[in-house]
Structures are given as structure tokens and as C-alpha cells.
Amino acid sequence: GEVVADATAAPSTIQSSSKPYQPYPVGTHLLMCQPTDRAWLTPYLCLLRSQLEVYSATESDIAAKLSTGGNKVPPVVGQVGIRCVHCKGVRHKERAKSSESFPSCVRNVHQAVRNYQRHHYPACPSIPVAVRREVERVRHGKKSQKSKGSAGNYWIESCTHHLHMVDGHGGRSGIFFEGTEHAGLVGGAKKTKGSRARGRA
């Protein structure tokens, strides 16, 4: 259902459903954060993930992105991107940089969030003051709270198991919702030593 407007998410973003999965249609958008995040990630990362959504790009999404230029490999309809929930309704040219991205594979989602954290979050004028206060409060909270050592794998598993995101079929670059055109096999994302290490942010 619709998410209640609070300090963690935009009111138009939908939580992933617990009902049996049916392939998500083009245009679907889901909060990246999941109830299981708290068991694996720091409170800061949990809150950061609640500022983002994953979405299946429509023709208009792609046209708007291309209008800004600088796209080496344009996304295709149905490809899954990650974007800031607070400025997604703002014209692309008026957004702070790195407001959205299209990771080449599921294991690169964590890096996409890091890029959002470093480049977009500090500069986005659409993020409410209440959100920033809460993020800073959590960020400077208990220093002993760290992500678990296997958090890198969790970043992959939360994408594949909870959000039904899979790598493209036959080596195609990009992420797609399970069962949709261009989607590869479930479990196709590789779990590497590098991804485990990067999960400890």
C-alpha cells in the first residue's frame, strides 16, 4: 500500500508486497529499504536506503534522462534504476547530480547507493529538513553499531529475494525485474569477496 508520509520516504513510493510475486509491470517503483535491513545493516544505512527507490524505467523516464546528456549506455524500457524519492518529480535538469542511476548488475547496487550518499544526498534541495536531522542523528549515533561481515551478500540478496531484481539475460548489462523482458535467471548475481568487503560501510 501507500507509504505514510514521514521522515523516511516520499508518500508516493510503494512498499514491496508480501503477496506471491507476479512480474512487475513497467513503471513499478518500490522502496529499497526492507524490514530485514535492521538485522544486517547499520541504522544509518537503513535510513539511507529509505531515501531511495528502485523503479522500472518507462519511455518517458528514459527520454527525460537522455535530455540531460552524458549517457554512455542509455537504459532500455523496463530496466531497473535507483533514484532519490524526494526529487523524482523535479525536472532532470533541475536536480542535484547523481539523483538516479542504472547499475550494470545487482552486485553494483551497493556502490550506486554509496554514490548517492556522497554526491546527491548532500546537495539535493528536495530532501526535507526533518529527514536530514534524522539522518544526522542516526549517523552520529552509537559508533559500535556496524554492518555484519556478510552485509555485502545481504545487499545482493535483498535485491534478488525481496525486490525481485536480477541481472540482464545472456550477459546484457543492466538490472531487470524477475520474469520481465531481458531478465536473466534468479540467482545469477555473483557473490564476490569484493562485494562482501564493500558491504561493511
# chains A, B, ... in the order shown; residues from 1 in each chain; ligands from 1
>>> closest_atom_pairs(of="segment 46-149 of chain A", to="segment 17-32 of chain A", cutoff="9 Å", atoms="only C-alpha atoms", output="JSON lines")
{"residue": "A:Arg49", "atom": "CA", "partner": "A:Met32", "partner_atom": "CA", "distance": 5.7}
{"residue": "A:Ser50", "atom": "CA", "partner": "A:Met32", "partner_atom": "CA", "distance": 6.2}
{"residue": "A:Gln51", "atom": "CA", "partner": "A:Leu31", "partner_atom": "CA", "distance": 7.9}
{"residue": "A:Leu52", "atom": "CA", "partner": "A:Met32", "partner_atom": "CA", "distance": 5.8}
{"residue": "A:Glu53", "atom": "CA", "partner": "A:Leu31", "partner_atom": "CA", "distance": 4.3}
{"residue": "A:Val54", "atom": "CA", "partner": "A:Leu30", "partner_atom": "CA", "distance": 5.4}
{"residue": "A:Tyr55", "atom": "CA", "partner": "A:His29", "partner_atom": "CA", "distance": 4.1}
{"residue": "A:Ser56", "atom": "CA", "partner": "A:Gly27", "partner_atom": "CA", "distance": 5.0}
{"residue": "A:Ala57", "atom": "CA", "partner": "A:Gly27", "partner_atom": "CA", "distance": 5.8}
{"residue": "A:Thr58", "atom": "CA", "partner": "A:Gly27", "partner_atom": "CA", "distance": 5.6}
{"residue": "A:Asp61", "atom": "CA", "partner": "A:Gly27", "partner_atom": "CA", "distance": 8.9}
{"residue": "A:Val77", "atom": "CA", "partner": "A:Val26", "partner_atom": "CA", "distance": 7.4}
{"residue": "A:Gly78", "atom": "CA", "partner": "A:Val26", "partner_atom": "CA", "distance": 5.3}
{"residue": "A:Gln79", "atom": "CA", "partner": "A:Val26", "partner_atom": "CA", "distance": 8.5}
{"residue": "A:Ile82", "atom": "CA", "partner": "A:Met32", "partner_atom": "CA", "distance": 8.4}
{"residue": "A:Val85", "atom": "CA", "partner": "A:Leu31", "partner_atom": "CA", "distance": 8.4}
>>> select_by_dssp(residues="segment 29-135 of chain A", states="strand (DSSP E)", output="PyMOL selection string")
chain A and resi 29-31+52-56+80-84+100-101
>>> write_last_selection(atoms="N, CA, C and O atoms", output="PDB file, in the first residue's frame")
ATOM      1  N   HIS A  29       7.550   1.134  -9.005  1.00  0.00           N
ATOM      2  CA  HIS A  29       8.581   1.738  -8.166  1.00  0.00           C
ATOM      3  C   HIS A  29       8.390   1.263  -6.734  1.00  0.00           C
ATOM      4  O   HIS A  29       7.287   1.283  -6.197  1.00  0.00           O
ATOM      5  N   LEU A  30       9.472   0.814  -6.115  1.00  0.00           N
ATOM      6  CA  LEU A  30       9.443   0.212  -4.788  1.00  0.00           C
ATOM      7  C   LEU A  30      10.532   0.805  -3.907  1.00  0.00           C
ATOM      8  O   LEU A  30      11.638   1.085  -4.376  1.00  0.00           O
ATOM      9  N   LEU A  31      10.222   0.992  -2.634  1.00  0.00           N
ATOM     10  CA  LEU A  31      11.247   1.433  -1.697  1.00  0.00           C
ATOM     11  C   LEU A  31      12.370   0.405  -1.634  1.00  0.00           C
ATOM     12  O   LEU A  31      12.131  -0.801  -1.594  1.00  0.00           O
ATOM     13  N   LEU A  52      15.621   6.031  -0.988  1.00  0.00           N
ATOM     14  CA  LEU A  52      15.783   5.588  -2.371  1.00  0.00           C
ATOM     15  C   LEU A  52      14.700   4.611  -2.781  1.00  0.00           C
ATOM     16  O   LEU A  52      14.151   3.879  -1.954  1.00  0.00           O
ATOM     17  N   GLU A  53      14.410   4.585  -4.055  1.00  0.00           N
ATOM     18  CA  GLU A  53      13.501   3.590  -4.593  1.00  0.00           C
ATOM     19  C   GLU A  53      14.121   2.962  -5.828  1.00  0.00           C
ATOM     20  O   GLU A  53      14.973   3.559  -6.500  1.00  0.00           O
ATOM     21  N   VAL A  54      13.708   1.729  -6.099  1.00  0.00           N
ATOM     22  CA  VAL A  54      14.075   1.066  -7.343  1.00  0.00           C
ATOM     23  C   VAL A  54      12.856   1.152  -8.257  1.00  0.00           C
ATOM     24  O   VAL A  54      11.719   1.071  -7.788  1.00  0.00           O
ATOM     25  N   TYR A  55      13.088   1.339  -9.538  1.00  0.00           N
ATOM     26  CA  TYR A  55      11.959   1.523 -10.449  1.00  0.00           C
ATOM     27  C   TYR A  55      12.265   0.962 -11.830  1.00  0.00           C
ATOM     28  O   TYR A  55      13.417   0.891 -12.255  1.00  0.00           O
ATOM     29  N   SER A  56      11.208   0.564 -12.500  1.00  0.00           N
ATOM     30  CA  SER A  56      11.299   0.042 -13.858  1.00  0.00           C
ATOM     31  C   SER A  56      11.050   1.187 -14.828  1.00  0.00           C
ATOM     32  O   SER A  56       9.956   1.754 -14.857  1.00  0.00           O
ATOM     33  N   VAL A  80      15.858  -1.548 -14.595  1.00  0.00           N
ATOM     34  CA  VAL A  80      15.662  -1.073 -13.219  1.00  0.00           C
ATOM     35  C   VAL A  80      16.735  -0.057 -12.839  1.00  0.00           C
ATOM     36  O   VAL A  80      17.931  -0.308 -12.986  1.00  0.00           O
ATOM     37  N   GLY A  81      16.273   1.079 -12.362  1.00  0.00           N
ATOM     38  CA  GLY A  81      17.166   2.126 -11.883  1.00  0.00           C
ATOM     39  C   GLY A  81      16.938   2.391 -10.413  1.00  0.00           C
ATOM     40  O   GLY A  81      16.020   1.852  -9.786  1.00  0.00           O
ATOM     41  N   ILE A  82      17.781   3.233  -9.856  1.00  0.00           N
ATOM     42  CA  ILE A  82      17.689   3.642  -8.458  1.00  0.00           C
ATOM     43  C   ILE A  82      17.618   5.161  -8.439  1.00  0.00           C
ATOM     44  O   ILE A  82      18.391   5.823  -9.129  1.00  0.00           O
ATOM     45  N   ARG A  83      16.696   5.733  -7.662  1.00  0.00           N
ATOM     46  CA  ARG A  83      16.582   7.190  -7.639  1.00  0.00           C
ATOM     47  C   ARG A  83      16.154   7.711  -6.273  1.00  0.00           C
ATOM     48  O   ARG A  83      15.575   6.983  -5.457  1.00  0.00           O
ATOM     49  N   CYS A  84      16.422   8.970  -6.063  1.00  0.00           N
ATOM     50  CA  CYS A  84      16.033   9.670  -4.844  1.00  0.00           C
ATOM     51  C   CYS A  84      14.516   9.840  -4.826  1.00  0.00           C
ATOM     52  O   CYS A  84      13.928  10.302  -5.805  1.00  0.00           O
ATOM     53  N   GLU A 100      19.785   9.751  -9.857  1.00  0.00           N
ATOM     54  CA  GLU A 100      19.376   8.412 -10.244  1.00  0.00           C
ATOM     55  C   GLU A 100      20.518   7.723 -10.971  1.00  0.00           C
ATOM     56  O   GLU A 100      21.442   8.373 -11.471  1.00  0.00           O
ATOM     57  N   SER A 101      20.463   6.412 -10.998  1.00  0.00           N
ATOM     58  CA  SER A 101      21.483   5.652 -11.710  1.00  0.00           C
ATOM     59  C   SER A 101      20.903   4.314 -12.143  1.00  0.00           C
ATOM     60  O   SER A 101      19.878   3.861 -11.618  1.00  0.00           O
TER      61      SER A 101
END
>>> closest_residue(among="A:Pro75, A:Pro125, A:Gly152, A:Gly184", to="Asp37 of chain A", atoms="only C-alpha atoms")
A:Gly152
>>> residues_around(residues="Thr160 of chain A", least_positions_apart="4", cutoff="8 Å", atoms="only C-alpha atoms", output="list of chain:residue names")
A:Val106, A:Ile156, A:His164, A:Met165, A:Val166, A:Val186, A:Gly187
>>> residues_around(residues="segment 63-73 of chain A", least_positions_apart="5", cutoff="8 Å", atoms="only C-alpha atoms", output="list in words")
Arg91, His92 and Lys93 of chain A
>>> write_last_selection(atoms="N, CA and C atoms", output="PDB file, in the first residue's frame")
ATOM      1  N   ARG A  91      12.184  18.255 -12.549  1.00  0.00           N
ATOM      2  CA  ARG A  91      12.792  18.120 -13.875  1.00  0.00           C
ATOM      3  C   ARG A  91      14.253  17.712 -13.742  1.00  0.00           C
ATOM      4  N   HIS A  92      14.695  16.800 -14.615  1.00  0.00           N
ATOM      5  CA  HIS A  92      16.051  16.271 -14.512  1.00  0.00           C
ATOM      6  C   HIS A  92      17.110  17.364 -14.469  1.00  0.00           C
ATOM      7  N   LYS A  93      16.972  18.359 -15.294  1.00  0.00           N
ATOM      8  CA  LYS A  93      17.980  19.407 -15.382  1.00  0.00           C
ATOM      9  C   LYS A  93      18.048  20.260 -14.116  1.00  0.00           C
TER      10      LYS A  93
END
>>> atom_distance(atom1="atom CA of Ala183 of chain A", atom2="atom CA of Leu47 of chain A")
28.8 Å
>>> residues_around(residues="Ser126 of chain A", least_positions_apart="3", cutoff="10 Å", atoms="only C-alpha atoms", output="list in words")
Cys84, Val85, His86, Cys87, Lys88, Gly89, Val90, Arg95, Ala96, Tyr121, Ala123 and Val129 of chain A
>>> select_by_dssp(residues="segment 60-185 of chain A", states="alpha helix (DSSP H)", output="PyMOL selection string")
chain A and resi 60-66+109-115+129-139+151-157
>>> atom_distance(atom1="atom CA of Ser104 of chain A", atom2="atom CA of Gln117 of chain A")
18.5 Å
>>> closest_residue(among="A:Glu59, A:Phe102, A:Asn108, A:His119", to="Trp155 of chain A", atoms="only C-alpha atoms")
A:Asn108
